[in-house]
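The next block is entry_5.txt, given as compact mmCIF, C-alpha atoms.
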```txt
# COMPACT_ATOMS: atom_id res chain seq x y z
CA ARG A 25 87.52 92.90 73.21
CA PHE A 26 90.21 95.61 73.02
CA GLY A 27 92.79 93.73 70.96
CA THR A 28 95.71 91.68 72.27
CA ILE A 29 96.47 92.01 75.97
CA ALA A 30 99.43 90.61 77.90
CA VAL A 31 98.62 88.68 81.10
CA PRO A 32 100.90 86.60 83.37
CA ALA A 33 101.00 82.94 82.36
CA ALA A 34 100.24 81.96 85.96
CA ASP A 35 97.23 84.29 86.36
CA ARG A 36 94.21 82.39 87.64
CA TYR A 37 91.25 84.55 86.68
CA ILE A 38 91.96 87.32 84.16
CA ARG A 39 93.95 85.15 81.76
CA ARG A 40 91.43 82.33 81.85
CA ALA A 41 88.52 84.70 81.18
CA ILE A 42 90.21 86.49 78.27
CA GLU A 43 91.43 83.29 76.63
CA LEU A 44 88.00 81.69 76.83
CA THR A 45 85.63 84.62 76.24
CA GLY A 46 87.73 87.48 74.83
CA GLU A 47 87.04 89.77 77.81
CA TYR A 48 87.31 90.03 81.58
CA SER A 49 84.44 91.25 83.77
CA GLY A 50 82.50 92.50 80.77
CA ALA A 51 79.53 93.90 82.70
CA GLU A 52 81.91 95.97 84.83
CA ILE A 53 83.55 97.35 81.69
CA ASP A 54 80.10 98.18 80.32
CA LEU A 55 79.25 100.04 83.53
CA TYR A 56 82.38 102.18 83.45
CA GLN A 57 82.08 103.00 79.78
CA ALA A 58 78.43 103.99 80.21
CA LEU A 59 79.27 106.33 83.10
CA LEU A 60 82.29 108.03 81.51
CA GLU A 61 82.16 110.85 78.98
CA PRO A 62 84.72 112.35 76.55
CA GLY A 63 86.96 114.80 78.39
CA ASP A 64 86.55 113.15 81.81
CA VAL A 65 89.42 112.62 84.22
CA ALA A 66 89.35 109.10 85.66
CA VAL A 67 91.53 107.36 88.25
CA ASP A 68 92.09 103.58 88.35
CA VAL A 69 93.55 102.46 91.70
CA GLY A 70 94.56 98.82 91.46
CA ALA A 71 94.83 98.75 87.67
CA ASN A 72 96.37 95.27 87.38
CA VAL A 73 97.27 94.63 83.70
CA GLY A 74 95.06 97.48 82.50
CA VAL A 75 91.77 95.95 81.37
CA PHE A 76 89.72 98.72 82.97
CA SER A 77 92.26 101.48 82.33
CA ILE A 78 92.06 100.70 78.61
CA ALA A 79 88.26 100.82 78.71
CA MET A 80 88.39 104.15 80.57
CA GLY A 81 90.98 105.60 78.20
CA LEU A 82 88.83 104.76 75.19
CA SER A 83 85.77 106.32 76.83
CA VAL A 84 87.32 109.63 77.92
CA GLY A 85 89.03 110.04 74.55
CA SER A 86 91.90 112.28 73.53
CA THR A 87 90.51 115.22 75.50
CA GLY A 88 90.30 113.16 78.70
CA ARG A 89 92.83 111.66 81.06
CA VAL A 90 93.23 108.44 83.05
CA LEU A 91 95.67 107.92 85.92
CA SER A 92 96.39 104.24 86.63
CA PHE A 93 98.09 102.89 89.75
CA GLU A 94 99.53 99.39 90.15
CA PRO A 95 102.18 98.48 92.77
CA GLN A 96 103.26 94.97 91.66
CA PRO A 97 106.46 95.33 89.58
CA PRO A 98 105.83 92.59 86.95
CA ILE A 99 102.15 93.48 86.66
CA PHE A 100 103.03 97.15 86.27
CA GLU A 101 105.33 96.28 83.35
CA LEU A 102 102.43 94.46 81.66
CA LEU A 103 100.17 97.44 82.36
CA LYS A 104 102.57 99.75 80.52
CA LEU A 105 102.92 97.24 77.68
CA ASN A 106 99.15 96.93 77.27
CA LEU A 107 98.54 100.68 77.34
CA ALA A 108 101.20 101.16 74.65
CA ALA A 109 99.72 98.36 72.53
CA ALA A 110 96.32 100.05 72.77
CA GLY A 111 97.85 103.35 71.62
CA LEU A 112 96.46 105.19 74.64
CA THR A 113 98.64 108.23 75.25
CA ASN A 114 95.94 109.69 77.50
CA VAL A 115 96.55 107.06 80.21
CA GLU A 116 99.36 107.63 82.74
CA ALA A 117 100.69 104.58 84.61
CA HIS A 118 102.23 104.88 88.08
CA ARG A 119 103.88 102.06 90.06
CA ALA A 120 102.70 103.01 93.51
CA VAL A 121 100.47 102.14 96.41
CA VAL A 122 97.71 104.72 96.94
CA ALA A 123 96.84 105.38 100.58
CA GLU A 124 96.15 107.99 103.26
CA ALA A 125 99.72 109.28 103.65
CA ALA A 126 102.75 109.39 101.37
CA GLY A 127 105.83 107.31 102.08
CA SER A 128 107.27 103.93 101.17
CA VAL A 129 106.23 100.35 101.90
CA ALA A 130 107.46 96.84 101.14
CA PHE A 131 105.21 95.21 98.53
CA ALA A 132 105.22 91.64 97.19
CA ASP A 133 107.09 91.08 93.94
CA VAL A 134 106.07 87.66 92.57
CA ARG A 135 108.75 86.47 90.15
CA SER A 136 109.06 82.68 90.18
CA LEU A 137 106.30 80.12 90.58
CA PRO A 138 106.32 76.32 90.31
CA ALA A 139 105.24 74.97 86.92
CA GLY A 140 101.47 74.73 86.72
CA LYS A 141 100.81 76.88 89.79
CA GLU A 142 98.20 79.61 89.29
CA VAL A 143 97.93 82.83 91.30
CA ASN A 144 95.25 85.46 91.64
CA PHE A 145 97.56 88.45 91.14
CA GLY A 146 94.58 90.73 91.73
CA ALA A 147 94.45 89.56 95.35
CA VAL A 148 98.01 90.64 96.15
CA GLY A 149 97.76 93.54 98.59
CA LEU A 150 99.56 95.44 101.33
CA HIS A 151 99.30 92.54 103.76
CA THR A 152 100.56 89.89 101.31
CA ARG A 153 103.85 88.23 102.21
CA ILE A 154 105.83 86.02 99.84
CA ALA A 155 108.22 83.10 100.26
CA ASP A 156 111.78 83.71 99.08
CA THR A 157 111.45 80.93 96.51
CA PHE A 158 108.62 82.81 94.77
CA GLY A 159 109.98 86.36 94.86
CA THR A 160 110.76 89.12 97.31
CA MET A 161 109.40 92.22 99.00
CA VAL A 162 110.39 95.44 97.22
CA ALA A 163 110.34 99.07 98.32
CA THR A 164 107.31 100.73 96.74
CA PRO A 165 106.31 104.40 96.84
CA VAL A 166 103.07 105.32 98.58
CA MET A 167 101.12 108.24 97.12
CA THR A 168 97.94 110.08 98.03
CA LEU A 169 95.49 111.23 95.41
CA ASP A 170 95.35 114.67 97.01
CA ALA A 171 99.11 115.05 96.43
CA LEU A 172 98.43 114.90 92.68
CA GLY A 173 96.67 118.26 92.88
CA LEU A 174 93.97 117.19 90.47
CA VAL A 175 91.92 120.17 89.37
CA ARG A 176 89.28 117.77 88.12
CA CYS A 177 88.30 114.18 88.89
CA ASP A 178 85.14 112.69 87.43
CA PHE A 179 85.49 108.99 88.17
CA LEU A 180 87.43 107.00 90.77
CA LYS A 181 87.64 103.20 90.71
CA ILE A 182 89.32 101.52 93.69
CA ASP A 183 90.28 97.85 93.91
CA ALA A 184 92.87 97.89 96.69
CA GLU A 185 92.34 94.56 98.47
CA GLY A 186 90.88 95.92 101.68
CA SER A 187 92.69 99.27 101.64
CA GLU A 188 89.89 101.18 99.90
CA HIS A 189 89.17 103.33 102.97
CA ALA A 190 92.82 104.47 103.08
CA VAL A 191 92.67 105.48 99.42
CA LEU A 192 89.59 107.62 100.05
CA ALA A 193 91.13 109.13 103.20
CA GLY A 194 94.04 110.35 101.08
CA ALA A 195 91.67 111.90 98.57
CA ARG A 196 89.51 114.07 100.85
CA ARG A 197 90.24 117.35 99.03
CA ALA A 198 89.71 115.81 95.61
CA LEU A 199 86.42 114.28 96.72
CA GLU A 200 85.17 117.55 98.18
CA ARG A 201 86.29 119.62 95.20
CA SER A 202 85.23 117.35 92.33
CA ARG A 203 82.62 114.96 93.81
CA PRO A 204 83.50 112.18 91.38
CA LEU A 205 81.56 109.03 90.72
CA LEU A 206 83.05 106.21 92.82
CA CYS A 207 83.25 102.49 92.22
CA VAL A 208 84.83 100.70 95.17
CA GLU A 209 85.45 96.97 95.54
CA CYS A 210 83.13 95.62 98.23
CA ASP A 211 83.81 91.90 98.48
CA ARG A 212 84.80 92.50 102.12
CA PRO A 213 81.55 93.77 103.69
CA ASP A 214 83.29 94.61 106.98
CA THR A 215 85.62 97.12 105.30
CA ALA A 216 83.26 98.41 102.59
CA GLY A 217 80.25 98.75 104.88
CA VAL A 218 81.77 101.65 106.83
CA LEU A 219 81.70 103.74 103.65
CA VAL A 220 77.95 103.47 103.08
CA ASP A 221 76.42 105.90 105.57
CA PRO A 222 79.06 108.68 105.12
CA LEU A 223 78.53 108.57 101.35
CA LEU A 224 74.76 108.71 101.72
CA GLN A 225 75.10 111.67 104.09
CA ALA A 226 77.37 113.40 101.56
CA GLY A 227 74.64 113.33 98.91
CA TYR A 228 75.58 110.18 97.00
CA ARG A 229 73.18 107.52 95.72
CA LEU A 230 74.51 104.00 96.12
CA TRP A 231 74.19 100.66 94.36
CA ARG A 232 75.84 97.28 94.87
CA PHE A 233 77.14 95.95 91.53
CA ARG A 234 77.47 92.21 91.10
CA GLY A 235 79.06 90.84 87.96
CA ALA A 236 81.40 87.98 87.11
CA ASN A 237 84.81 87.44 85.57
CA MET A 238 83.10 85.68 82.63
CA ARG A 239 79.65 85.98 81.07
CA THR A 240 77.48 84.88 78.18
CA PRO A 241 77.07 86.14 75.57
CA ASN A 242 80.72 87.10 75.15
CA PRO A 243 82.95 88.34 72.29
CA LYS A 244 84.10 84.81 71.41
CA GLY A 245 80.64 83.26 71.66
CA ALA A 246 82.07 80.73 74.11
CA SER A 247 79.99 78.46 76.32
CA LEU A 248 80.77 78.59 80.04
CA ASP A 249 79.58 75.05 80.71
CA GLY A 250 82.11 73.39 82.98
CA HIS A 251 83.97 76.63 83.67
CA GLY A 252 83.77 78.07 87.17
CA ARG A 253 83.19 81.79 87.53
CA ILE A 254 83.98 84.23 90.32
CA SER A 255 81.77 87.09 91.39
CA VAL A 256 82.84 90.73 91.02
CA LEU A 257 81.41 92.99 93.73
CA MET A 258 81.63 96.79 93.65
CA LEU A 259 79.93 99.63 95.49
CA LEU A 260 78.83 102.31 93.01
CA ALA A 261 78.37 105.82 94.42
CA VAL A 262 76.96 108.61 92.25
CA PRO A 263 76.57 112.19 93.54
CA VAL A 264 73.05 113.49 93.05
CA GLU A 265 74.26 116.21 90.69
CA ARG A 266 75.65 113.54 88.32
CA LEU A 267 72.66 111.18 88.40
CA ALA A 268 71.81 111.90 84.75
CA ARG A 269 74.73 109.65 83.80
CA MET A 270 72.80 106.69 85.19
CA ASP A 271 70.35 107.04 82.30
CA ARG A 272 72.92 105.29 80.07
CA VAL A 273 73.59 102.41 82.47
CA ASP A 274 72.28 98.84 82.30
CA THR A 275 70.91 98.56 85.82
CA SER A 276 70.34 94.79 85.79
CA PRO A 277 73.57 94.05 87.76
CA LEU A 278 72.78 96.84 90.27
CA GLN A 279 70.89 96.72 93.55
CA PRO A 280 70.05 99.97 95.40
CA VAL A 281 71.71 100.54 98.78
CA ASP A 282 69.93 102.91 101.20
CA SER A 283 71.81 102.15 104.43
CA ARG A 284 74.70 100.19 105.85
CA ALA A 285 72.24 97.65 107.19
CA GLY A 286 70.78 97.28 103.69
CA PHE A 287 74.24 96.79 102.23
CA GLU A 288 75.06 94.14 104.81
CA ARG A 289 71.80 92.30 104.01
CA LEU A 290 72.81 92.20 100.34
CA SER A 291 76.21 90.84 101.38
CA THR A 292 74.87 88.03 103.56
CA GLY A 293 76.06 84.68 102.31
CA ILE A 294 78.15 86.13 99.49
CA VAL A 295 81.27 84.14 98.73
CA LYS A 296 83.45 86.01 96.26
CA ASP A 297 84.91 82.99 94.49
CA ARG A 298 81.60 81.28 93.86
CA LEU A 299 78.50 82.03 91.77
```
Could you write out this structure as structure tokens?
Amino acid sequence: RFGTIAVPAADRYIRRAIELTGEYSGAEIDLYQALLEPGDVAVDVGANVGVFSIAMGLSVGSTGRVLSFEPQPPIFELLKLNLAAAGLTNVEAHRAVVAEAAGSVAFADVRSLPAGKEVNFGAVGLHTRIADTFGTMVATPVMTLDALGLVRCDFLKIDAEGSEHAVLAGARRALERSRPLLCVECDRPDTAGVLVDPLLQAGYRLWRFRGANMRTPNPKGASLDGHGRISVLMLLAVPVERLARMDRVDTSPLQPVDSRAGFERLSTGIVKDRL
């Protein structure tokens, strides 16, 4: 969809989707590109190999800016490679964990896997531990978004494997100052649910987005018969003063959320790795 992109050979979901269909999580990309405008400042926490950072960089254009954060050393190298291949000088890549307080933490560095073994690199998080035969734990800087001193922030996407609340806690000043649009992974209802009522009280409108790693139609015109898909679940939060941006959005993957109880009802029975 955006040209050639480098992905780990052992990646279970992103590589398979791109090889088969030419894109990964296409409806999610569509959502972000519809919400963003030229000149926006966007932040991608949990950028992985850069699929969404590239989409954001193209949408905000040369007058905009994207800050991408990915803590896994080999994945971060691919992120930088893919941003360079896309010619996106408006996207800044940082190898760091984003959380509530600055510091340093040991983070999994997957380097060696048995032949034929596949891994969901996107599921590697702060609580992941790794056997010595597969890699090691490496010292990784921890940053807060507030420490960046962003004068402007229009869009914040967070996919931090259960640490989304910590990311937001370290961005309180940025959230109050800029009131960005938020898109937060919500495949763990117990951790995402606590965000619902505070966001509603702060003047945000909420939707639960449900997409998939692969879809039809797709850029390669591929059939998905016989190919398992995984669901992609995000909580979209739009401040009331930015609601006009929703006019450009395909709302078919969105379901309104008006309370934590409503969000939890939508989440009942959801299994992330099954559609």
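The closest residue to Leu107 in chain A, picked from A:Ile182, A:Ala41, A:Ala30, A:Thr168 and counting all atoms listed in the file, is A:Ala30.
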* To do: Write out as a count of residues only each polymer residue whose atoms come within 12 Å of Ala58 in chain A, counting only C-alpha atoms; drop sequence neighbours fewer than 2 positions from it.
  => 23
* Could you check which of A:Ala171, A:Leu192, A:Leu290, A:Gly27 is closest to Ala109 in chain A, using all atoms listed in the file? =>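 For Ala109 in chain A, the nearest of the given residues is A:Gly27.
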* **For Phe100 in chain A, the nearest of the candidates A:Asn72, A:Asn242, A:Ser247, A:Ser283, counting only C-alpha atoms** =>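 Closest candidate: A:Asn72.
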* Any idea what's packed within 10 Å of Leu219 in chain A, counting only C-alpha atoms, ignoring anything in its chain fewer than 2 positions away? Could you give it as a PyMOL selection string? -> chain A and resi 188-189+192+208+210+213-217+221-224+259+284
* Between CA of Asn114 in chain A and CA of Val148 in chain A - distance in Å to one decimal ->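 Result for CA of Val148 in chain A versus CA of Asn114 in chain A: 26.7 Å, one decimal.
Using only C-alpha atoms, the shortest contact distance between Val175 in chain A and any of A:Arg36, A:His151, A:Arg119, A:Arg89 is found at A:Arg89.
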